[in-house]
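Reproduced below: query17.tsv, with TSV, C-alpha atoms.
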chain	number	residue	atom	x	y	z
E	58	MET	CA	40.47	59.92	-17.66
E	59	THR	CA	38.41	57.58	-19.85
E	60	LEU	CA	36.58	54.41	-19.02
E	61	ASP	CA	38.74	51.30	-18.91
E	62	ALA	CA	37.45	49.25	-21.83
E	63	SER	CA	39.57	46.21	-20.93
E	64	TRP	CA	36.85	44.73	-18.72
E	65	THR	CA	33.75	43.26	-20.33
E	66	PRO	CA	30.31	43.38	-18.65
E	67	GLU	CA	30.54	39.62	-18.19
E	68	GLU	CA	33.84	39.97	-16.33
E	69	ASP	CA	32.48	42.78	-14.19
E	70	LEU	CA	29.40	40.70	-13.35
E	71	ALA	CA	31.61	37.74	-12.46
E	72	LEU	CA	33.53	39.95	-10.04
E	73	ALA	CA	30.29	41.33	-8.57
E	74	LEU	CA	29.08	37.78	-7.92
E	75	ARG	CA	32.36	36.91	-6.23
E	76	LEU	CA	31.97	40.01	-4.08
E	77	ALA	CA	28.51	38.79	-3.12
E	78	ASP	CA	29.95	35.40	-2.13
E	79	ALA	CA	32.47	37.12	0.12
E	80	ALA	CA	29.78	39.33	1.65
E	81	ASP	CA	27.43	36.42	2.34
E	82	ALA	CA	30.13	34.48	4.17
E	83	ILE	CA	30.62	37.37	6.58
E	84	SER	CA	27.04	38.55	7.03
E	85	LEU	CA	25.44	35.15	7.57
E	86	GLU	CA	27.93	34.32	10.32
E	87	ARG	CA	26.91	37.50	12.17
E	88	PHE	CA	23.16	37.27	11.52
E	89	ARG	CA	21.34	36.63	14.81
E	90	ALA	CA	24.70	36.43	16.59
E	91	GLY	CA	24.41	36.93	20.33
E	92	ASP	CA	27.44	39.23	20.42
E	93	LEU	CA	26.49	41.40	17.43
E	94	ARG	CA	27.76	44.94	18.01
E	95	VAL	CA	25.33	47.75	17.12
E	96	ASP	CA	26.27	51.44	17.08
E	97	THR	CA	24.36	54.60	16.16
E	98	LYS	CA	25.73	56.86	13.43
E	99	PRO	CA	25.44	60.68	13.48
E	100	ASP	CA	22.33	60.48	11.26
E	101	ARG	CA	20.74	58.29	13.96
E	102	THR	CA	20.75	55.18	11.76
E	103	HIS	CA	22.27	51.95	12.99
E	104	VAL	CA	25.46	50.22	11.92
E	105	THR	CA	26.59	46.76	12.99
E	106	ASP	CA	30.00	45.14	13.04
E	107	ALA	CA	28.76	43.08	10.08
E	108	ASP	CA	28.10	46.21	7.96
E	109	LEU	CA	31.65	47.40	8.56
E	110	ALA	CA	33.31	44.02	8.03
E	111	VAL	CA	31.45	43.36	4.78
E	112	GLU	CA	32.31	46.73	3.25
E	113	ARG	CA	35.97	46.45	4.26
E	114	ALA	CA	36.21	43.03	2.62
E	115	LEU	CA	34.53	44.18	-0.60
E	116	ARG	CA	36.76	47.23	-0.85
E	117	GLU	CA	39.87	45.10	-0.46
E	118	ILE	CA	38.80	42.82	-3.30
E	119	ILE	CA	37.88	45.69	-5.62
E	120	GLU	CA	41.12	47.54	-4.93
E	121	ALA	CA	43.04	44.38	-5.83
E	122	GLU	CA	40.98	43.38	-8.86
E	123	ARG	CA	40.03	46.79	-10.31
E	124	PRO	CA	42.60	49.27	-8.97
E	125	GLY	CA	41.55	51.98	-11.43
E	126	ASP	CA	37.88	51.95	-10.40
E	127	GLY	CA	36.28	54.19	-7.81
E	128	ILE	CA	34.20	53.06	-4.86
E	129	LEU	CA	31.16	54.56	-3.14
E	130	GLY	CA	30.15	52.73	0.02
E	131	GLU	CA	27.61	53.49	2.70
E	132	GLU	CA	30.02	53.08	5.60
E	133	TYR	CA	33.37	54.33	4.26
E	134	GLY	CA	32.41	56.95	1.70
E	135	THR	CA	33.77	57.73	-1.75
E	136	GLU	CA	37.21	57.34	-3.26
E	137	GLY	CA	38.64	57.27	-6.76
E	138	SER	CA	37.03	57.76	-10.15
E	139	THR	CA	33.32	58.25	-10.68
E	140	GLU	CA	33.55	57.16	-14.32
E	141	ARG	CA	33.69	53.53	-13.28
E	142	GLN	CA	32.44	53.33	-9.72
E	143	TRP	CA	31.50	50.37	-7.56
E	144	ILE	CA	28.54	51.26	-5.35
E	145	LEU	CA	28.20	49.21	-2.17
E	146	ASP	CA	25.61	48.81	0.54
E	147	PRO	CA	27.13	46.13	2.77
E	148	ILE	CA	23.81	45.38	4.48
E	149	ASP	CA	20.70	47.03	3.10
E	150	GLY	CA	18.07	46.62	5.79
E	151	THR	CA	20.35	46.96	8.82
E	152	ALA	CA	17.35	47.52	11.10
E	153	ASN	CA	15.99	44.16	9.98
E	154	PHE	CA	19.40	42.51	10.31
E	155	LEU	CA	19.94	43.61	13.89
E	156	ARG	CA	16.45	42.46	14.90
E	157	GLY	CA	16.89	39.07	13.25
E	158	VAL	CA	14.42	39.73	10.43
E	159	PRO	CA	15.67	38.06	7.20
E	160	ASN	CA	14.71	40.94	4.87
E	161	TRP	CA	18.21	42.29	4.17
E	162	ALA	CA	20.82	42.02	1.45
E	163	THR	CA	24.23	43.12	0.28
E	164	LEU	CA	23.84	45.46	-2.69
E	165	ILE	CA	26.63	45.71	-5.27
E	166	SER	CA	26.63	47.75	-8.46
E	167	LEU	CA	29.08	48.98	-11.05
E	168	ALA	CA	28.05	52.36	-12.44
E	169	GLU	CA	29.56	54.09	-15.44
E	170	ASN	CA	29.28	57.88	-15.30
E	171	GLY	CA	26.49	57.56	-12.74
E	172	VAL	CA	24.46	54.93	-14.60
E	173	PRO	CA	24.32	51.47	-12.99
E	174	ARG	CA	25.26	48.80	-15.52
E	175	VAL	CA	25.94	45.70	-13.41
E	176	GLY	CA	23.86	44.90	-10.35
E	177	VAL	CA	23.81	42.17	-7.71
E	178	ALA	CA	21.54	41.97	-4.67
E	179	SER	CA	22.36	39.00	-2.47
E	180	ALA	CA	19.95	38.06	0.32
E	181	PRO	CA	21.48	34.97	1.93
E	182	ALA	CA	18.91	34.71	4.74
E	183	PHE	CA	16.29	34.35	1.99
E	184	GLU	CA	18.64	32.15	-0.08
E	185	LYS	CA	18.01	34.49	-3.01
E	186	ARG	CA	20.29	36.48	-5.29
E	187	TRP	CA	19.16	38.82	-8.07
E	188	TYR	CA	21.67	39.99	-10.68
E	189	ALA	CA	21.98	41.59	-14.11
E	190	ALA	CA	24.46	42.89	-16.66
E	191	PRO	CA	23.99	44.93	-19.85
E	192	GLY	CA	22.28	42.89	-22.54
E	193	ALA	CA	22.46	39.70	-20.47
E	194	GLY	CA	19.06	40.02	-18.84
E	195	ALA	CA	18.14	39.83	-15.18
E	196	TRP	CA	18.41	36.59	-13.25
E	197	LEU	CA	17.51	35.03	-9.90
E	198	ILE	CA	19.20	32.21	-8.03
E	199	GLU	CA	17.15	30.59	-5.26
E	200	GLY	CA	18.91	28.11	-3.02
E	201	ASP	CA	20.63	25.43	-5.10
E	202	ALA	CA	18.36	25.87	-8.13
E	203	GLU	CA	19.64	26.87	-11.53
E	204	PRO	CA	19.49	30.61	-12.37
E	205	ARG	CA	16.07	31.71	-13.61
E	206	ARG	CA	15.65	34.61	-16.02
E	207	LEU	CA	13.40	37.38	-14.74
E	208	HIS	CA	10.72	39.44	-16.43
E	209	VAL	CA	8.55	42.15	-14.94
E	210	SER	CA	4.78	41.73	-15.02
E	211	GLY	CA	2.54	42.54	-17.95
E	212	VAL	CA	-0.05	44.45	-15.90
E	213	ARG	CA	-1.21	47.45	-17.95
E	214	SER	CA	-3.90	49.07	-15.82
E	215	ILE	CA	-3.03	50.80	-12.57
E	216	GLU	CA	-6.32	49.57	-11.10
E	217	ASP	CA	-4.95	46.02	-11.42
E	218	ALA	CA	-1.52	46.82	-10.01
E	219	SER	CA	0.21	45.74	-6.82
E	220	LEU	CA	2.13	48.54	-5.05
E	221	SER	CA	4.91	48.31	-2.48
E	222	PHE	CA	6.18	51.37	-0.61
E	223	GLN	CA	8.66	51.72	2.23
E	224	SER	CA	6.72	53.52	4.96
E	225	ILE	CA	4.02	56.12	5.49
E	226	GLY	CA	6.50	58.21	7.46
E	227	GLN	CA	8.82	58.52	4.45
E	228	TRP	CA	6.05	59.90	2.28
E	229	ARG	CA	4.77	62.20	5.02
E	230	ASP	CA	8.24	63.64	5.70
E	231	ALA	CA	8.78	64.21	1.97
E	232	GLY	CA	5.45	66.07	1.69
E	233	TYR	CA	3.90	63.41	-0.53
E	234	LEU	CA	1.44	61.72	1.82
E	235	PRO	CA	-1.64	62.85	-0.17
E	236	GLN	CA	-0.12	61.36	-3.32
E	237	LEU	CA	0.55	58.08	-1.53
E	238	LEU	CA	-3.03	57.87	-0.30
E	239	THR	CA	-4.36	58.59	-3.77
E	240	LEU	CA	-2.06	55.98	-5.29
E	241	ALA	CA	-3.00	53.40	-2.66
E	242	GLU	CA	-6.68	54.01	-3.30
E	243	THR	CA	-6.16	53.65	-7.05
E	244	VAL	CA	-4.21	50.39	-7.21
E	245	TRP	CA	-5.59	46.90	-6.65
E	246	ARG	CA	-3.34	46.14	-3.67
E	247	ASP	CA	-0.87	48.06	-1.52
E	248	ARG	CA	1.72	46.66	0.88
E	249	ALA	CA	4.96	47.86	2.46
E	250	TYR	CA	7.27	44.91	1.90
E	251	GLY	CA	10.14	47.31	2.37
E	252	ASP	CA	13.86	47.59	1.68
E	253	MET	CA	15.45	45.50	-1.06
E	254	TRP	CA	12.72	42.84	-1.17
E	255	SER	CA	10.22	45.15	-2.88
E	256	TYR	CA	12.55	45.61	-5.85
E	257	GLY	CA	13.28	41.91	-6.04
E	258	LEU	CA	9.56	41.16	-6.16
E	259	LEU	CA	9.15	43.72	-8.93
E	260	ALA	CA	11.92	42.17	-11.02
E	261	GLU	CA	10.26	38.76	-10.55
E	262	GLY	CA	6.92	40.09	-11.82
E	263	LEU	CA	5.20	39.66	-8.45
E	264	VAL	CA	4.82	43.38	-7.67
E	265	ASP	CA	4.15	46.06	-10.29
E	266	ILE	CA	5.11	49.37	-8.60
E	267	VAL	CA	7.74	50.27	-5.98
E	268	ALA	CA	8.12	53.83	-4.75
E	269	GLU	CA	10.00	55.38	-1.83
E	270	PHE	CA	11.87	58.42	-0.53
E	271	ASP	CA	15.03	59.09	1.48
E	272	VAL	CA	17.19	56.71	-0.54
E	273	LYS	CA	20.88	57.08	-1.35
E	274	GLU	CA	22.66	55.78	-4.43
E	275	TYR	CA	23.79	52.62	-2.66
E	276	ASP	CA	20.19	51.78	-1.65
E	277	ILE	CA	18.95	51.44	-5.21
E	278	ALA	CA	21.85	51.24	-7.71
E	279	PRO	CA	21.88	47.48	-8.40
E	280	PHE	CA	18.13	47.39	-8.83
E	281	VAL	CA	18.30	49.99	-11.59
E	282	ALA	CA	20.30	47.47	-13.62
E	283	ILE	CA	18.24	44.47	-12.52
E	284	ILE	CA	14.81	45.99	-13.14
E	285	THR	CA	15.84	47.58	-16.43
E	286	GLU	CA	17.21	44.27	-17.70
E	287	ALA	CA	13.99	42.58	-16.54
E	288	GLY	CA	12.04	44.94	-18.80
E	289	GLY	CA	10.97	47.56	-16.27
E	290	ARG	CA	11.69	51.23	-15.72
E	291	PHE	CA	13.45	53.00	-12.84
E	292	THR	CA	13.47	56.77	-12.18
E	293	ALA	CA	13.24	59.26	-9.36
E	294	ILE	CA	9.73	60.06	-8.14
E	295	ASP	CA	9.49	62.99	-10.58
E	296	GLY	CA	10.49	60.88	-13.58
E	297	THR	CA	14.11	62.01	-13.70
E	298	GLU	CA	16.49	59.22	-14.67
E	299	THR	CA	18.99	59.50	-11.83
E	300	ILE	CA	20.08	57.53	-8.78
E	301	ALA	CA	20.98	60.75	-6.94
E	302	GLY	CA	17.44	62.16	-6.60
E	303	ARG	CA	16.85	60.80	-3.07
E	304	SER	CA	13.67	59.09	-4.25
E	305	ALA	CA	12.82	56.06	-6.35
E	306	LEU	CA	10.01	54.96	-8.61
E	307	ALA	CA	10.31	51.53	-10.20
E	308	THR	CA	7.60	49.89	-12.27
E	309	ASN	CA	7.06	47.26	-14.92
E	310	GLY	CA	7.38	50.10	-17.42
E	311	LEU	CA	3.81	49.81	-18.64
E	312	LEU	CA	2.52	51.62	-15.55
E	313	HIS	CA	5.23	54.22	-15.14
E	314	ASP	CA	3.50	57.18	-16.73
E	315	GLN	CA	0.23	56.37	-14.96
E	316	VAL	CA	2.02	56.42	-11.60
E	317	LEU	CA	3.86	59.63	-12.46
E	318	SER	CA	0.55	61.31	-13.22
E	319	ILE	CA	-0.43	60.70	-9.59
E	320	VAL	CA	2.81	61.13	-7.63
E	321	GLY	CA	5.08	63.19	-9.89
E	322	ARG	CA	5.57	66.92	-9.40
Would you kindly transcribe this structure into structure tokens?
Amino acid sequence: MTLDASWTPEEDLALALRLADAADAISLERFRAGDLRVDTKPDRTHVTDADLAVERALREIIEAERPGDGILGEEYGTEGSTERQWILDPIDGTANFLRGVPNWATLISLAENGVPRVGVASAPAFEKRWYAAPGAGAWLIEGDAEPRRLHVSGVRSIEDASLSFQSIGQWRDAGYLPQLLTLAETVWRDRAYGDMWSYGLLAEGLVDIVAEFDVKEYDIAPFVAIITEAGGRFTAIDGTETIAGRSALATNGLLHDQVLSIVGR
């Protein structure tokens, strides 16, 4: 089976943005709802009725609009081709969502042979949406404003850099806590903004380094496209260019090798 060349990146991005519209309509209605249903999955992570409803809706649209494409979703698994595969995280930041914290988003990506090409991250509680397509650049919509093109920062020295990581526990459990402490002591500023927001800040040029562990493809796929189109670089923590490495290192590109010299193994 070969890639379906009948769809242009612009058409795929248009579909991804429509998917985000559909997701926002569902998720916002359930955000801070008094009757929100929360269950615990076998891996001890949480899932809400909103997670399930969003992914079901997105799958239905994709199956109707792109019947030859595969789908990988956090809640309902993998089906179909991996040559053209839609990667979905219906609500990234479920723990925030269920507590009423607005740091969450629906993540949508189209990957070709494992490489994310189109990416959309829609955070309706923030009224922000980041998106990108090959050669079209990375863009941000805030509220009712016109789309604004994004560029990563121009910071060249790691001593001047701003770092965001997910949690100390992630790094400790991965056996990388000493590297995190060294990195935090080297950079100008370290914070744990967490989840999707860190990557959005990086694409906007407001943060220079994002690094974390224990991530699946659907946690990071759209930001590979967004950050790359914004001029940055995205790899696993060891520098491997993959979304399946269960770790992520995203930078403005200028700092990538400096960070790898500290955290890479």
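For E:His313, the list of residues within 9 Å, based on all atoms listed in the file and with local chain neighbours fewer than 5 positions off taken out, reads Ile266, Gly289, Arg290, Phe291, Gly296, Leu306, Ala307, Thr308 and Ser318 of chain E.
When all atoms listed in the file are used to measure the gap to E:Pro204, the shortest distance among E:Ser219, E:Glu131, E:Tyr188, E:Ile225 belongs to E:Tyr188.
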Taking the point (27.0, 47.3, 3.0) as given in the file, collect each protein or nucleic acid residue that comes within 6 Å of it, counting only C-alpha atoms, and present the set as JSON, numbers by chain. {"E": [108, 112, 145, 146, 147, 148, 163]}
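A straight line drawn from atom CA of E:Val267 to atom CA of E:Thr139 is 27.2 Å long.
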Rank nothing, just name the residue among E:Phe154, E:Trp143, E:Trp64, E:Trp196 nearest to E:Pro181, using only C-alpha atoms. E:Phe154
Env of stretch 98-107 of chain E: 9 Å cut, atoms = all atoms listed in the file, seq-sep filter 2 positions within chain, self excluded. Answer as a PyMOL selection string. chain E and resi 83-88+93-96+109-112+132+147-148+151-152+154-155
Which is closer to E:Leu317 than all the others in E:Ile215, E:Ala249, E:Asp271, E:Thr285, using all atoms listed in the file? E:Ile215
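Distance annotation: of E:Leu234, E:Ala193, E:Val158, E:Ala287, the residue with the minimal separation from E:His208 is E:Ala287; atom set is only C-alpha atoms.
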Taken to one decimal, the atom CA of E:Lys273-atom CA of E:Asn309 distance is 21.7 Å
Residues within 7 Å of E:Ala189, please, as a short mmCIF file (atom, residue, chain, number, x, y, z; two decimals) with C-alpha atoms, keeping the file's coordinate frame. Count all atoms listed in the file; anything in the same chain fewer than 3 positions from it doesn't count.
data_model
loop_
_atom_site.label_atom_id
_atom_site.label_comp_id
_atom_site.auth_asym_id
_atom_site.auth_seq_id
_atom_site.Cartn_x
_atom_site.Cartn_y
_atom_site.Cartn_z
CA VAL E 175 25.94 45.70 -13.41
CA GLY E 176 23.86 44.90 -10.35
CA VAL E 177 23.81 42.17 -7.71
CA ALA E 193 22.46 39.70 -20.47
CA GLY E 194 19.06 40.02 -18.84
CA ALA E 195 18.14 39.83 -15.18
CA TRP E 196 18.41 36.59 -13.25
CA ALA E 282 20.30 47.47 -13.62
CA ILE E 283 18.24 44.47 -12.52
CA GLU E 286 17.21 44.27 -17.70
#
Rounded to one decimal, what separation in Å do you get between atom CA of E:Asp247 and atom CA of E:Gly288? 21.8 Å
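The smallest atom-to-atom distance between E:Trp254 and any of E:Leu115, E:Ile144, E:Leu311, E:Ala182, using all atoms listed in the file, is found for E:Ala182.
Residue nearest E:Phe222, chosen from E:Ser304, E:Thr135, E:Asn153, E:Thr65 and counting only C-alpha atoms: E:Ser304.
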Where atoms are missing, can you supply all heavy atoms for stretch 80-91 of chain E and output the lot as a PDB file, keeping the file's coordinate frame?
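Output contents, as saved in result.pdb:
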ATOM      1  N   ALA E  80      30.669  38.630   0.713  1.00  0.00           N
ATOM      2  CA  ALA E  80      29.780  39.330   1.650  1.00  0.00           C
ATOM      3  C   ALA E  80      28.902  38.347   2.405  1.00  0.00           C
ATOM      4  O   ALA E  80      28.734  38.454   3.637  1.00  0.00           O
ATOM      5  CB  ALA E  80      28.917  40.325   0.885  1.00  0.00           C
ATOM      6  N   ASP E  81      28.325  37.377   1.700  1.00  0.00           N
ATOM      7  CA  ASP E  81      27.430  36.420   2.340  1.00  0.00           C
ATOM      8  C   ASP E  81      28.138  35.627   3.435  1.00  0.00           C
ATOM      9  O   ASP E  81      27.550  35.331   4.485  1.00  0.00           O
ATOM     10  CB  ASP E  81      26.862  35.450   1.304  1.00  0.00           C
ATOM     11  CG  ASP E  81      25.871  36.095   0.350  1.00  0.00           C
ATOM     12  OD1 ASP E  81      25.542  37.282   0.551  1.00  0.00           O
ATOM     13  OD2 ASP E  81      25.432  35.416  -0.593  1.00  0.00           O
ATOM     14  N   ALA E  82      29.383  35.265   3.182  1.00  0.00           N
ATOM     15  CA  ALA E  82      30.130  34.480   4.170  1.00  0.00           C
ATOM     16  C   ALA E  82      30.284  35.237   5.476  1.00  0.00           C
ATOM     17  O   ALA E  82      30.239  34.648   6.563  1.00  0.00           O
ATOM     18  CB  ALA E  82      31.492  34.095   3.604  1.00  0.00           C
ATOM     19  N   ILE E  83      30.450  36.551   5.379  1.00  0.00           N
ATOM     20  CA  ILE E  83      30.620  37.370   6.580  1.00  0.00           C
ATOM     21  C   ILE E  83      29.282  37.661   7.243  1.00  0.00           C
ATOM     22  O   ILE E  83      29.109  37.487   8.452  1.00  0.00           O
ATOM     23  CB  ILE E  83      31.327  38.693   6.224  1.00  0.00           C
ATOM     24  CG1 ILE E  83      32.731  38.420   5.686  1.00  0.00           C
ATOM     25  CG2 ILE E  83      31.392  39.625   7.435  1.00  0.00           C
ATOM     26  CD1 ILE E  83      33.401  39.637   5.067  1.00  0.00           C
ATOM     27  N   SER E  84      28.310  38.094   6.453  1.00  0.00           N
ATOM     28  CA  SER E  84      27.040  38.550   7.030  1.00  0.00           C
ATOM     29  C   SER E  84      26.244  37.421   7.660  1.00  0.00           C
ATOM     30  O   SER E  84      25.656  37.590   8.740  1.00  0.00           O
ATOM     31  CB  SER E  84      26.207  39.262   5.960  1.00  0.00           C
ATOM     32  OG  SER E  84      25.918  38.397   4.867  1.00  0.00           O
ATOM     33  N   LEU E  85      26.212  36.265   7.018  1.00  0.00           N
ATOM     34  CA  LEU E  85      25.440  35.150   7.570  1.00  0.00           C
ATOM     35  C   LEU E  85      25.990  34.683   8.915  1.00  0.00           C
ATOM     36  O   LEU E  85      25.243  34.289   9.814  1.00  0.00           O
ATOM     37  CB  LEU E  85      25.410  33.983   6.592  1.00  0.00           C
ATOM     38  CG  LEU E  85      24.215  33.918   5.641  1.00  0.00           C
ATOM     39  CD1 LEU E  85      24.299  32.674   4.776  1.00  0.00           C
ATOM     40  CD2 LEU E  85      22.894  33.946   6.387  1.00  0.00           C
ATOM     41  N   GLU E  86      27.315  34.729   9.057  1.00  0.00           N
ATOM     42  CA  GLU E  86      27.930  34.320  10.320  1.00  0.00           C
ATOM     43  C   GLU E  86      27.534  35.239  11.469  1.00  0.00           C
ATOM     44  O   GLU E  86      27.442  34.811  12.617  1.00  0.00           O
ATOM     45  CB  GLU E  86      29.450  34.283  10.172  1.00  0.00           C
ATOM     46  CG  GLU E  86      30.173  33.794  11.409  1.00  0.00           C
ATOM     47  CD  GLU E  86      31.668  33.717  11.229  1.00  0.00           C
ATOM     48  OE1 GLU E  86      32.147  33.928  10.095  1.00  0.00           O
ATOM     49  OE2 GLU E  86      32.374  33.455  12.220  1.00  0.00           O
ATOM     50  N   ARG E  87      27.257  36.532  11.136  1.00  0.00           N
ATOM     51  CA  ARG E  87      26.910  37.500  12.170  1.00  0.00           C
ATOM     52  C   ARG E  87      25.410  37.668  12.353  1.00  0.00           C
ATOM     53  O   ARG E  87      24.959  38.278  13.328  1.00  0.00           O
ATOM     54  CB  ARG E  87      27.528  38.878  11.833  1.00  0.00           C
ATOM     55  CG  ARG E  87      29.037  38.881  11.713  1.00  0.00           C
ATOM     56  CD  ARG E  87      29.685  38.395  12.995  1.00  0.00           C
ATOM     57  NE  ARG E  87      29.444  39.325  14.099  1.00  0.00           N
ATOM     58  CZ  ARG E  87      29.383  38.959  15.373  1.00  0.00           C
ATOM     59  NH1 ARG E  87      29.490  37.690  15.715  1.00  0.00           N
ATOM     60  NH2 ARG E  87      29.170  39.865  16.308  1.00  0.00           N
ATOM     61  N   PHE E  88      24.617  37.136  11.432  1.00  0.00           N
ATOM     62  CA  PHE E  88      23.160  37.270  11.520  1.00  0.00           C
ATOM     63  C   PHE E  88      22.638  36.499  12.720  1.00  0.00           C
ATOM     64  O   PHE E  88      22.894  35.312  12.870  1.00  0.00           O
ATOM     65  CB  PHE E  88      22.515  36.771  10.227  1.00  0.00           C
ATOM     66  CG  PHE E  88      21.026  36.948  10.161  1.00  0.00           C
ATOM     67  CD1 PHE E  88      20.441  38.181  10.429  1.00  0.00           C
ATOM     68  CD2 PHE E  88      20.196  35.883   9.823  1.00  0.00           C
ATOM     69  CE1 PHE E  88      19.058  38.353  10.357  1.00  0.00           C
ATOM     70  CE2 PHE E  88      18.827  36.043   9.739  1.00  0.00           C
ATOM     71  CZ  PHE E  88      18.260  37.283  10.018  1.00  0.00           C
ATOM     72  N   ARG E  89      21.902  37.181  13.575  1.00  0.00           N
ATOM     73  CA  ARG E  89      21.340  36.630  14.810  1.00  0.00           C
ATOM     74  C   ARG E  89      22.418  36.190  15.791  1.00  0.00           C
ATOM     75  O   ARG E  89      22.167  35.352  16.667  1.00  0.00           O
ATOM     76  CB  ARG E  89      20.368  35.490  14.512  1.00  0.00           C
ATOM     77  CG  ARG E  89      19.134  35.956  13.730  1.00  0.00           C
ATOM     78  CD  ARG E  89      18.210  34.810  13.361  1.00  0.00           C
ATOM     79  NE  ARG E  89      17.025  35.303  12.659  1.00  0.00           N
ATOM     80  CZ  ARG E  89      16.150  34.520  12.034  1.00  0.00           C
ATOM     81  NH1 ARG E  89      16.331  33.205  12.010  1.00  0.00           N
ATOM     82  NH2 ARG E  89      15.092  35.038  11.431  1.00  0.00           N
ATOM     83  N   ALA E  90      23.633  36.742  15.650  1.00  0.00           N
ATOM     84  CA  ALA E  90      24.700  36.430  16.590  1.00  0.00           C
ATOM     85  C   ALA E  90      24.430  37.101  17.931  1.00  0.00           C
ATOM     86  O   ALA E  90      24.017  38.265  17.986  1.00  0.00           O
ATOM     87  CB  ALA E  90      26.050  36.901  16.037  1.00  0.00           C
ATOM     88  N   GLY E  91      24.673  36.394  19.007  1.00  0.00           N
ATOM     89  CA  GLY E  91      24.410  36.930  20.330  1.00  0.00           C
ATOM     90  C   GLY E  91      25.311  38.083  20.720  1.00  0.00           C
ATOM     91  O   GLY E  91      24.939  38.906  21.565  1.00  0.00           O
TER      92      GLY E  91
END
